[in-house]
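J.: The file below is input15.cif, mmCIF, C-alpha atoms and all ligand atoms:
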data_start
loop_
_atom_site.label_atom_id
_atom_site.label_comp_id
_atom_site.auth_asym_id
_atom_site.auth_seq_id
_atom_site.Cartn_x
_atom_site.Cartn_y
_atom_site.Cartn_z
CA MET A 20 118.92 20.53 273.91
CA LYS A 21 120.81 17.52 272.71
CA ALA A 22 118.16 16.74 270.21
CA LEU A 23 118.61 20.11 268.65
CA PHE A 24 122.38 19.89 268.70
CA ALA A 25 122.24 16.55 267.06
CA ALA A 26 119.97 17.82 264.36
CA ALA A 27 122.03 20.89 263.80
CA CYS A 28 125.25 18.94 263.81
CA PHE A 29 124.04 16.55 261.22
CA ALA A 30 122.71 19.26 259.01
CA PHE A 31 126.01 21.01 259.00
CA LEU A 32 127.96 17.82 258.66
CA LEU A 33 125.75 16.76 255.82
CA LEU A 34 126.45 19.99 254.06
CA ASN A 35 130.05 19.51 254.92
CA ALA A 36 130.08 16.31 252.93
CA THR A 37 129.46 18.42 249.87
CA GLY A 38 132.05 20.91 251.02
CA VAL A 39 129.69 23.65 251.96
CA GLU A 40 129.80 24.17 255.66
CA SER A 41 130.29 22.49 258.93
CA LEU A 42 129.97 23.15 262.55
CA ARG A 43 131.39 22.57 265.86
CA CYS A 44 129.23 21.51 268.71
CA ARG A 45 130.33 21.70 272.22
CA CYS A 46 127.74 19.81 274.16
CA ASP A 47 127.96 19.81 277.90
CA GLY A 48 127.09 16.14 277.77
CA ASP A 49 125.57 14.70 280.89
CA GLY A 50 126.65 11.37 279.53
CA ASP A 51 123.38 10.05 278.25
CA GLY A 52 123.72 11.82 274.97
CA ASP A 53 120.14 12.03 273.94
CA SER A 54 117.81 10.59 276.50
CA ASP A 55 115.70 13.68 276.22
CA ASP A 56 112.46 12.47 274.73
CA THR A 57 110.77 15.77 274.30
CA ASP A 58 110.61 17.24 270.81
CA LYS A 59 111.11 20.76 272.08
CA PRO A 60 114.70 21.83 272.36
CA SER A 61 115.51 22.99 275.83
CA TYR A 62 118.08 25.56 274.78
CA ASP A 63 116.68 28.93 275.38
CA LYS A 64 118.62 31.59 273.47
CA LEU A 65 120.24 31.99 270.09
CA PHE A 66 123.07 34.46 269.54
CA VAL A 67 124.11 35.14 265.98
CA PHE A 68 127.47 36.54 264.86
CA GLY A 69 128.76 37.03 261.37
CA ASP A 70 128.22 38.51 257.96
CA SER A 71 125.54 38.84 255.31
CA PHE A 72 124.73 35.13 255.55
CA ALA A 73 123.23 35.87 258.95
CA ASP A 74 122.46 39.60 258.98
CA ALA A 75 118.71 40.01 259.32
CA GLY A 76 118.78 43.79 259.10
CA ASN A 77 121.57 44.99 261.41
CA LEU A 78 123.73 46.92 258.96
CA PRO A 79 121.98 50.29 258.82
CA LYS A 80 120.31 51.30 255.63
CA GLY A 81 122.53 53.78 253.78
CA ASP A 82 122.86 55.06 250.27
CA LEU A 83 122.53 52.30 247.74
CA LYS A 84 125.82 50.48 247.39
CA TRP A 85 127.22 46.95 247.49
CA GLU A 86 127.02 46.58 251.29
CA THR A 87 123.57 48.07 251.72
CA ARG A 88 121.89 46.36 248.77
CA GLY A 89 119.85 44.20 251.15
CA TRP A 90 117.86 47.33 251.96
CA TYR A 91 116.90 47.91 248.36
CA GLU A 92 114.75 46.12 245.84
CA PRO A 93 114.72 43.51 244.56
CA SER A 94 116.06 42.16 247.89
CA GLY A 95 113.24 40.65 249.90
CA MET A 96 110.98 40.01 246.90
CA SER A 97 110.18 36.44 248.04
CA ASP A 98 109.93 37.30 251.70
CA ALA A 99 106.24 36.85 252.41
CA ASP A 100 106.98 37.15 256.14
CA HIS A 101 107.96 40.77 255.56
CA ASP A 102 105.50 41.89 252.91
CA ASN A 103 107.97 41.02 250.17
CA LYS A 104 109.91 44.16 251.00
CA PRO A 105 113.67 44.60 251.56
CA THR A 106 114.64 44.16 255.21
CA GLY A 107 118.40 44.45 255.02
CA ARG A 108 118.81 40.77 254.30
CA SER A 109 121.14 39.97 251.41
CA SER A 110 118.70 37.62 249.73
CA ASP A 111 115.33 37.48 248.05
CA GLY A 112 113.99 36.36 251.41
CA LEU A 113 115.16 34.77 254.60
CA VAL A 114 118.79 34.10 255.51
CA GLN A 115 120.58 31.44 257.53
CA SER A 116 119.87 32.90 260.96
CA ASP A 117 116.15 32.98 260.19
CA PHE A 118 116.09 29.26 259.67
CA LEU A 119 117.91 28.54 262.88
CA GLY A 120 115.80 31.12 264.59
CA THR A 121 112.35 30.24 263.43
CA GLN A 122 112.32 26.52 262.92
CA ASP A 123 112.89 25.27 266.40
CA TYR A 124 112.96 28.45 268.20
CA PRO A 125 110.28 30.75 269.51
CA GLY A 126 112.23 33.99 269.19
CA ALA A 127 111.80 34.40 265.46
CA GLU A 128 114.49 35.83 263.26
CA GLY A 129 117.34 35.03 265.54
CA GLY A 130 116.11 37.36 268.22
CA PRO A 131 116.20 41.13 268.21
CA SER A 132 119.17 42.93 266.73
CA ALA A 133 121.76 44.29 269.13
CA GLY A 134 120.30 47.77 268.81
CA GLU A 135 116.76 46.60 269.45
CA ALA A 136 117.90 44.62 272.46
CA GLU A 137 119.42 47.71 273.95
CA ALA A 138 116.41 49.84 273.17
CA ALA A 139 114.17 47.26 274.79
CA ARG A 140 116.19 46.90 277.93
CA ARG A 141 113.69 48.66 280.11
CA ARG A 142 111.46 45.71 279.41
CA GLY A 143 114.04 43.47 281.06
CA PRO A 144 116.70 41.10 279.76
CA VAL A 145 116.32 39.60 276.31
CA SER A 146 114.43 36.35 276.40
CA SER A 147 115.12 34.84 273.01
CA GLY A 148 118.54 35.92 271.81
CA VAL A 149 120.30 38.61 269.85
CA ASN A 150 121.58 38.87 266.32
CA PHE A 151 124.88 40.76 265.99
CA ALA A 152 125.69 39.85 262.40
CA SER A 153 126.43 42.61 259.92
CA SER A 154 126.73 42.46 256.15
CA GLY A 155 130.19 43.03 254.75
CA SER A 156 131.92 42.01 257.95
CA GLY A 157 134.47 39.32 258.57
CA VAL A 158 137.32 38.69 260.94
CA PHE A 159 138.90 41.96 259.80
CA PRO A 160 136.53 44.10 257.69
CA GLY A 161 133.38 45.86 258.70
CA TRP A 162 131.63 45.55 262.03
CA ASN A 163 133.82 42.53 262.53
CA LEU A 164 133.60 39.44 264.68
CA ASP A 165 135.68 40.96 267.43
CA LYS A 166 133.43 44.00 267.65
CA GLN A 167 130.36 41.80 267.62
CA VAL A 168 131.64 39.60 270.43
CA ASN A 169 132.64 42.67 272.43
CA LYS A 170 129.14 44.03 271.99
CA PHE A 171 127.82 40.72 273.27
CA LYS A 172 130.07 41.09 276.31
CA ARG A 173 128.81 44.59 276.95
CA LEU A 174 125.19 43.44 276.81
CA LEU A 175 126.10 40.68 279.26
CA ARG A 176 127.73 43.15 281.60
CA LYS A 177 124.71 45.41 281.45
CA ARG A 178 122.51 42.39 282.20
CA ILE A 179 120.60 42.94 278.99
CA ILE A 180 121.64 39.39 278.31
CA GLY A 181 121.19 37.14 281.32
CA LYS A 182 124.43 35.61 282.52
CA ASP A 183 123.41 31.97 282.51
CA LEU A 184 124.32 31.01 278.97
CA SER A 185 124.56 27.27 279.49
CA GLN A 186 121.40 26.70 277.47
CA SER A 187 122.34 29.15 274.77
CA VAL A 188 123.50 28.48 271.24
CA ALA A 189 125.72 30.76 269.18
CA LEU A 190 126.02 30.74 265.41
CA VAL A 191 129.29 32.09 264.02
CA SER A 192 128.79 32.74 260.34
CA ILE A 193 131.93 34.27 258.86
CA ALA A 194 131.44 32.56 255.55
CA SER A 195 130.66 35.06 252.83
CA GLY A 196 134.37 35.61 252.25
CA ALA A 197 134.56 39.33 253.02
CA ASP A 198 138.02 38.84 254.50
CA TYR A 199 139.24 37.59 251.15
CA ALA A 200 137.27 39.94 248.94
CA ASP A 201 138.86 42.97 250.61
CA VAL A 202 142.39 41.81 249.98
CA PRO A 203 143.88 42.44 246.55
CA SER A 204 144.75 38.91 245.54
CA ASP A 205 143.22 36.14 243.53
CA LEU A 206 141.81 32.76 244.39
CA LEU A 207 145.05 30.99 243.66
CA ASP A 208 147.34 33.48 245.25
CA MET A 209 146.44 34.24 248.83
CA ASP A 210 149.10 34.30 251.49
CA PRO A 211 148.52 31.19 253.64
CA LEU A 212 149.61 33.25 256.63
CA TYR A 213 146.78 35.62 255.97
CA ILE A 214 144.31 32.73 255.72
CA SER A 215 145.72 31.47 258.98
CA ASN A 216 145.17 34.88 260.55
CA VAL A 217 141.55 34.86 259.37
CA THR A 218 140.85 31.42 260.79
CA ASP A 219 142.66 32.30 264.01
CA GLY A 220 140.24 35.20 264.32
CA ILE A 221 137.23 32.93 263.95
CA VAL A 222 138.63 30.44 266.43
CA GLY A 223 139.39 33.28 268.83
CA GLY A 224 135.79 34.44 268.64
CA VAL A 225 134.48 30.92 269.24
CA ARG A 226 136.75 30.48 272.27
CA LYS A 227 135.64 33.79 273.73
CA LEU A 228 132.01 32.76 273.41
CA GLU A 229 132.78 29.46 275.07
CA ASP A 230 134.67 31.20 277.86
CA LEU A 231 131.68 33.43 278.43
CA GLY A 232 129.67 30.27 279.02
CA VAL A 233 127.74 29.81 275.78
CA GLY A 234 126.54 26.22 275.76
CA ALA A 235 127.12 25.39 272.11
CA VAL A 236 128.70 27.14 269.15
CA LEU A 237 127.92 26.42 265.53
CA VAL A 238 130.57 27.52 263.05
CA ASN A 239 130.10 27.87 259.32
CA LEU A 240 132.80 26.74 256.99
CA LEU A 241 133.47 28.74 253.87
CA PRO A 242 131.47 27.60 250.86
CA PRO A 243 133.68 27.11 247.77
CA LEU A 244 134.66 30.62 246.75
CA GLY A 245 135.62 29.48 243.27
CA CYS A 246 132.02 28.44 242.63
CA ALA A 247 130.47 31.75 243.64
CA PRO A 248 128.87 33.52 240.67
CA LEU A 249 131.26 36.39 241.30
CA ASN A 250 134.09 34.12 240.22
CA THR A 251 132.36 32.02 237.56
CA ARG A 252 130.89 34.86 235.56
CA ALA A 253 133.88 35.10 233.25
CA ASP A 254 133.13 31.54 232.17
CA ASN A 255 129.45 32.17 231.69
CA TYR A 256 128.83 30.40 235.00
CA THR A 257 129.71 27.09 233.47
CA ARG A 258 132.41 25.94 235.86
CA CYS A 259 134.04 26.70 239.17
CA GLU A 260 137.33 28.50 239.25
CA LYS A 261 140.27 26.78 240.88
CA ASP A 262 140.51 28.15 244.35
CA LYS A 263 143.22 27.71 246.92
CA ILE A 264 141.57 29.72 249.66
CA THR A 265 138.53 27.68 250.61
CA GLY A 266 140.33 24.41 251.21
CA VAL A 267 143.04 25.95 253.34
CA HIS A 268 140.58 28.06 255.30
CA ASN A 269 138.30 25.15 256.11
CA LYS A 270 141.14 22.79 256.91
CA ASN A 271 142.59 25.35 259.31
CA LEU A 272 139.27 25.92 260.92
CA MET A 273 138.43 22.28 261.44
CA HIS A 274 141.90 21.52 262.67
CA LYS A 275 141.90 24.39 265.14
CA LEU A 276 138.38 23.79 266.41
CA ARG A 277 138.44 20.05 266.64
CA ASP A 278 138.41 18.55 270.06
CA ASP A 279 136.73 15.80 271.96
CA ASP A 280 133.75 17.91 272.82
CA SER A 281 132.49 17.99 269.28
CA LEU A 282 129.33 16.04 268.83
CA PHE A 283 129.90 13.27 266.35
CA TYR A 284 133.52 13.95 266.73
CA HIS A 285 133.79 10.40 265.54
CA ARG A 286 132.03 10.70 262.25
CA HIS A 287 133.47 7.70 260.52
CA THR A 288 134.69 5.29 263.17
CA PRO A 289 132.13 3.04 264.82
CA CYS A 290 131.53 3.06 268.55
CA CYS A 291 131.44 -0.73 268.67
CA GLU A 292 134.24 -2.18 266.62
CA SER A 293 134.90 -5.86 266.07
CA ILE A 294 138.49 -6.90 266.59
CA ASP A 295 138.43 -9.06 263.51
CA GLU A 296 137.67 -7.35 260.27
CA ASN A 297 135.08 -10.02 259.53
CA GLY A 298 133.71 -10.08 263.06
CA PHE A 299 130.81 -8.16 264.50
CA CYS A 300 129.85 -5.99 267.41
CA GLY A 301 128.85 -8.22 270.32
CA GLN A 302 130.94 -11.20 269.23
CA VAL A 303 132.35 -13.40 272.02
CA ASP A 304 134.84 -16.23 271.61
CA GLY A 305 134.67 -19.73 273.14
CA GLU A 306 136.27 -18.55 276.41
CA GLY A 307 133.89 -15.69 276.80
CA ASN A 308 136.36 -13.03 275.67
CA LEU A 309 134.79 -10.07 273.98
CA GLN A 310 135.81 -9.85 270.37
CA TYR A 311 134.97 -6.19 270.07
CA THR A 312 135.84 -2.84 271.60
CA LEU A 313 133.27 -0.39 272.82
CA CYS A 314 133.57 3.38 273.03
CA ASP A 315 132.85 5.26 276.25
CA ARG A 316 130.54 7.83 274.79
CA PRO A 317 128.29 6.44 272.07
CA TYR A 318 126.58 9.80 271.67
CA LYS A 319 129.79 11.18 270.22
CA TYR A 320 129.63 8.67 267.42
CA PHE A 321 127.55 8.68 264.33
CA TYR A 322 128.12 4.98 263.65
CA TRP A 323 127.26 2.30 266.16
CA ASP A 324 128.79 -0.66 264.35
CA SER A 325 130.28 -1.25 260.95
CA THR A 326 127.06 -0.46 259.14
CA ASN A 327 124.50 1.11 261.46
CA PRO A 328 124.10 4.53 263.06
CA THR A 329 123.98 5.07 266.80
CA GLN A 330 120.81 6.21 268.50
CA ALA A 331 122.21 9.74 268.44
CA GLY A 332 122.93 9.29 264.74
CA TRP A 333 119.40 8.17 264.02
CA LYS A 334 117.93 10.91 266.07
CA ALA A 335 119.93 13.44 264.08
CA ILE A 336 118.87 11.96 260.78
CA MET A 337 115.22 11.73 261.68
CA GLN A 338 115.12 15.26 262.92
CA GLN A 339 116.51 16.42 259.63
CA LEU A 340 113.83 14.48 257.87
CA GLU A 341 111.03 15.49 260.13
CA GLY A 342 110.19 18.64 258.21
CA PRO A 343 110.21 17.05 254.75
CA ILE A 344 108.27 14.06 256.04
CA ARG A 345 105.62 16.31 257.54
CA VAL A 346 105.33 18.19 254.28
CA TYR A 347 105.08 14.97 252.32
CA LEU A 348 102.42 13.55 254.61
CA GLY A 349 100.62 16.85 254.81
CA ILE A 350 100.68 17.00 258.61
C1 LIG B 401 149.15 37.78 260.64
O1 LIG B 401 149.04 38.28 261.95
C2 LIG B 401 150.29 38.64 262.53
C3 LIG B 401 150.03 38.93 264.00
O2 LIG B 401 148.97 39.80 264.18
C4 LIG B 401 150.85 39.83 261.77
O3 LIG B 401 152.05 40.23 262.33
C5 LIG B 401 151.06 39.40 260.34
O4 LIG B 401 151.49 40.50 259.55
C6 LIG B 401 149.79 38.83 259.74
N1 LIG B 401 150.12 38.26 258.47
C7 LIG B 401 149.37 38.43 257.37
C8 LIG B 401 149.90 37.87 256.11
O5 LIG B 401 148.31 39.00 257.40
C1 LIG B 402 129.94 33.25 226.99
O1 LIG B 402 128.76 33.40 226.23
C2 LIG B 402 128.88 34.36 225.21
C3 LIG B 402 127.51 34.56 224.56
O2 LIG B 402 126.81 33.36 224.47
C4 LIG B 402 129.93 33.91 224.22
O3 LIG B 402 130.08 34.88 223.19
C5 LIG B 402 131.26 33.74 224.92
O4 LIG B 402 132.24 33.23 224.07
C6 LIG B 402 131.10 32.80 226.12
N1 LIG B 402 132.32 32.81 226.87
C7 LIG B 402 132.88 31.70 227.35
C8 LIG B 402 134.15 31.88 228.12
O5 LIG B 402 132.40 30.59 227.19
#
Please re-express this file's structure in structure tokens.
Ligand SMILES: *[C@@H]1O[C@H](CO)[C@@H](O)[C@H](O)[C@H]1NC(C)=O
Ligand SMILES: *[C@@H]1O[C@H](CO)[C@@H](O)[C@H](O)[C@H]1NC(C)=O

T.:
Amino acid sequence: MKALFAAACFAFLLLNATGVESLRCRCDGDGDGDSDDTDKPSYDKLFVFGDSFADAGNLPKGDLKWETRGWYEPSGMSDADHDNKPTGRSSDGLVQSDFLGTQDYPGAEGGPSAGEAEAARRRGPVSSGVNFASSGSGVFPGWNLDKQVNKFKRLLRKRIIGKDLSQSVALVSIASGADYADVPSDLLDMDPLYISNVTDGIVGGVRKLEDLGVGAVLVNLLPPLGCAPLNTRADNYTRCEKDKITGVHNKNLMHKLRDDDSLFYHRHTPCCESIDENGFCGQVDGEGNLQYTLCDRPYKYFYWDSTNPTQAGWKAIMQQLEGPIRVYLGI
């Protein structure tokens, strides 16, 4: 479980470095951080909430329009897994939840959709997870986060989802910007109170999932709205528009979600810090006094000392690289 969290955390943090997205991990932490040597993650279910970034076919097919375009060609044209046909995904192929769902996870495609889970209930509780995401939704518009989380609660109550969620992971992907697209305003003129209401809604959803016992929650940040083709078209896609929404949204979100439970909460500070700027981790003076300070929970730190990653940091990096390395080596 920790291995997977670490990998996921780093991926999202990596992306975060380029301002794309980030995540919050709440790891139950038995203290050892990552002593789990097995390659298989031990988390057992993935629950997906959000918008078109994660919708793998939940929004019903309707007449051809903006929201339903994932059900019409040329959507799906690169999706060899689905006969290169549209499947309701807003992409030429797979979407974010697919990658979380299929890479490390046996229940492909982020598990059955909420409707399928209900239909299948006679076969017993879902074993892999459920995808609740719906294109065009956000905190406010569409089949929104609140409705999705309530649906999750109903499936829990009906025992379609088993109640032990400690090994479960939730992805909250409210990141396509539907909340901002639906409001008549521009990128430089959005009421900060409204942005605050949107991020409060995301945080509220995350807290509900945590209160229901979900073991870890991944949260997408908003990718830069000013760089979306929608907003760069007027300039022939040559440059990003100035945008005052994304920065405020993401700052709010990180501020409101940050707490000591986040894995790699300490992204930049080292676990083992020399007292003297020119000293080193492990240094002892003539009287045997330690010339460094040591953190309590190294697995919360990416850096071990002033230059090197912790074991958890390395594990995260190497798991990110595992796929590319395998491809490169042809194994
Ligand atoms: C934000 O939410 C509050 C409380 O629900 C509401 O009263 C207020 O009008 C909202 N503000 C904006 C700008 O959306
Ligand atoms: C975009 O490209 C078109 C055609 O090449 C050109 O006429 C127009 O001036 C360009 N617009 C901008 C804003 O660069």

J.: Dump the neighbourhood of ligand LIG 401 (chain B) as a PyMOL selection string: all residues within 7 Å, distances computed on only C-alpha atoms and all ligand atoms.

T.: chain A and resi 210+212-213+216

J.: Enumerate, in order of chain and increasing residue number, the residues of chain A with an atom no farther than 9 Å from ligand LIG 402 (chain B), each with its shortest atom pair and distance in Å to one decimal, counting all atoms listed in the file, as CSV.

T.:
residue,atom,partner,partner_atom,distance
A:Arg252,CA,B:LIG402,C8,8.7
A:Ala253,CA,B:LIG402,C8,6.1
A:Asp254,CA,B:LIG402,C8,4.2
A:Asn255,CA,B:LIG402,C1,4.8
A:Tyr256,CA,B:LIG402,C1,8.6
A:Thr257,CA,B:LIG402,O5,7.7

J.: Could you list as an MDAnalysis selection string every residue that has an atom within 6 Å of (124.6, 34.2, 268.5), using the file's coordinates and counting all atoms listed in the file?

T.: chainID A and resid 65:68 150 189:190

J.: Please report the interatomic distance between atom CA of Thr312 of chain A and atom CA of Ser293 of chain A in Å with one decimal.

T.: 6.4 Å

J.: Can you tell me which residues surround segment 166-183 of chain A at a distance of at most 6 Å, considering all atoms listed in the file, apart from same-chain residues fewer than 3 positions away, and format the answer as a list in words?

T.: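 Surrounding residues, per the criterion: Pro144, Val145, Phe151 and Asn163 of chain A.
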
J.: If you keep C-alpha atoms, can you produce a file of those selected residues as an mmCIF file, keeping the file's coordinate frame?

T.:
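So the final result, stored in selection-v8.cif, reads:
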data_model
loop_
_atom_site.group_PDB
_atom_site.id
_atom_site.type_symbol
_atom_site.label_atom_id
_atom_site.label_comp_id
_atom_site.auth_asym_id
_atom_site.auth_seq_id
_atom_site.Cartn_x
_atom_site.Cartn_y
_atom_site.Cartn_z
ATOM 1 C CA PRO A 144 116.700 41.100 279.760
ATOM 2 C CA VAL A 145 116.320 39.600 276.310
ATOM 3 C CA PHE A 151 124.880 40.760 265.990
ATOM 4 C CA ASN A 163 133.820 42.530 262.530
#

J.: Please report the interatomic distance between atom CA of Ala73 of chain A and atom CA of Lys334 of chain A in Å with one decimal.

T.: 26.5 Å

J.: Of the candidates A:Asp63, A:Gln310, A:Phe72, A:Asp219, which one gets nearest to Val188 of chain A if we count all atoms listed in the file?

T.: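 Residue with the minimum atom-to-atom distance to Val188 of chain A: A:Asp63.
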
J.: Mind giving me the straight-line distance from atom CA of Asp82 of chain A to atom CA of Asp117 of chain A in Å, one decimal?

T.: 25.1 Å

J.: Please determine, counting all atoms listed in the file, which residue among A:Arg316, A:Lys263, A:Arg88, A:His274 has the shortest atom-to-atom distance to Ile214 of chain A.

T.: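 Answer, going by the shortest atom-to-atom distance: A:Lys263.
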
J.: Can you tell me, as a list in words, what residues are no more than 8 Å from Cys291 of chain A when counting only C-alpha atoms, ignoring any on the same chain fewer than 2 positions away?

T.: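 Counting only C-alpha atoms, the residues come to Pro289, Ser293, Cys300, Tyr311, Thr312, Leu313, Cys314, Trp323, Asp324 and Ser325 of chain A.
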
J.: So which one's closest to Ala235 of chain A, A:Asn269, A:Lys64, A:Arg108, A:His101? Using all atoms listed in the file, please.

T.: A:Lys64

J.: Would you mind telling me which residue in A:Val238, A:Val149, A:Leu244, A:Ala99 lies nearest to Ala75 of chain A when using all atoms listed in the file?

T.: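 Checking each of A:Val238, A:Val149, A:Leu244, A:Ala99 against Ala75 of chain A, counting all atoms listed in the file, the winner is A:Val149.
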
J.: For Arg226 of chain A, which residue among A:Leu309, A:Val303, A:Leu276, A:Ile336 is the nearest when counting all atoms listed in the file?

T.: A:Leu276

J.: Kindly assemble as JSON lines a list of the segment 235-339 of chain A residues that lie within 12 Å of segment 194-207 of chain A, each paired with its nearest atom pair and their distance in Å to one decimal, using all atoms listed in the file, sorted first by chain and then by ascending residue number.

T.:
{"residue": "A:Val238", "atom": "CA", "partner": "A:Ala194", "partner_atom": "CA", "distance": 9.1}
{"residue": "A:Asn239", "atom": "CA", "partner": "A:Ala194", "partner_atom": "CA", "distance": 6.2}
{"residue": "A:Leu240", "atom": "CA", "partner": "A:Ala194", "partner_atom": "CA", "distance": 6.1}
{"residue": "A:Leu241", "atom": "CA", "partner": "A:Ala194", "partner_atom": "CA", "distance": 4.6}
{"residue": "A:Pro242", "atom": "CA", "partner": "A:Ala194", "partner_atom": "CA", "distance": 6.8}
{"residue": "A:Pro243", "atom": "CA", "partner": "A:Gly196", "partner_atom": "CA", "distance": 9.6}
{"residue": "A:Leu244", "atom": "CA", "partner": "A:Gly196", "partner_atom": "CA", "distance": 7.4}
{"residue": "A:Gly245", "atom": "CA", "partner": "A:Leu206", "partner_atom": "CA", "distance": 7.1}
{"residue": "A:Cys246", "atom": "CA", "partner": "A:Leu206", "partner_atom": "CA", "distance": 10.8}
{"residue": "A:Ala247", "atom": "CA", "partner": "A:Ser195", "partner_atom": "CA", "distance": 9.8}
{"residue": "A:Leu249", "atom": "CA", "partner": "A:Ala200", "partner_atom": "CA", "distance": 10.3}
{"residue": "A:Asn250", "atom": "CA", "partner": "A:Leu206", "partner_atom": "CA", "distance": 8.9}
{"residue": "A:Thr251", "atom": "CA", "partner": "A:Leu206", "partner_atom": "CA", "distance": 11.7}
{"residue": "A:Cys259", "atom": "CA", "partner": "A:Leu206", "partner_atom": "CA", "distance": 11.2}
{"residue": "A:Glu260", "atom": "CA", "partner": "A:Leu206", "partner_atom": "CA", "distance": 8.0}
{"residue": "A:Lys261", "atom": "CA", "partner": "A:Leu207", "partner_atom": "CA", "distance": 6.9}
{"residue": "A:Asp262", "atom": "CA", "partner": "A:Leu206", "partner_atom": "CA", "distance": 4.8}
{"residue": "A:Lys263", "atom": "CA", "partner": "A:Leu207", "partner_atom": "CA", "distance": 5.0}
{"residue": "A:Ile264", "atom": "CA", "partner": "A:Leu206", "partner_atom": "CA", "distance": 6.1}
{"residue": "A:Thr265", "atom": "CA", "partner": "A:Leu206", "partner_atom": "CA", "distance": 8.7}
{"residue": "A:Gly266", "atom": "CA", "partner": "A:Leu206", "partner_atom": "CA", "distance": 10.9}
{"residue": "A:Val267", "atom": "CA", "partner": "A:Leu207", "partner_atom": "CA", "distance": 11.1}
{"residue": "A:His268", "atom": "CA", "partner": "A:Ala194", "partner_atom": "CA", "distance": 10.2}
{"residue": "A:Asn269", "atom": "CA", "partner": "A:Ala194", "partner_atom": "CA", "distance": 10.1}
{"residue": "A:Leu272", "atom": "CA", "partner": "A:Ala194", "partner_atom": "CA", "distance": 11.6}

J.: When you count only C-alpha atoms, which of these residues is closest to Asp230 of chain A: A:Val114, A:Ile294, A:Ile193, A:Leu184?

T.: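 Smallest separation from Asp230 of chain A among the options: A:Leu184.
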
J.: Excluding Leu83 of chain A and residues on its chain fewer than 6 positions from it, collect all residues at most 12 Å away from it, counting only C-alpha atoms, and give them as an mmCIF file with C-alpha atoms, in the frame of the given file.

T.:
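Saved to result_9.cif:
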data_model
loop_
_atom_site.group_PDB
_atom_site.id
_atom_site.type_symbol
_atom_site.label_atom_id
_atom_site.label_comp_id
_atom_site.auth_asym_id
_atom_site.auth_seq_id
_atom_site.Cartn_x
_atom_site.Cartn_y
_atom_site.Cartn_z
ATOM 1 C CA GLY A 89 119.850 44.200 251.150
ATOM 2 C CA TRP A 90 117.860 47.330 251.960
ATOM 3 C CA TYR A 91 116.900 47.910 248.360
ATOM 4 C CA GLU A 92 114.750 46.120 245.840
ATOM 5 C CA GLY A 107 118.400 44.450 255.020
#
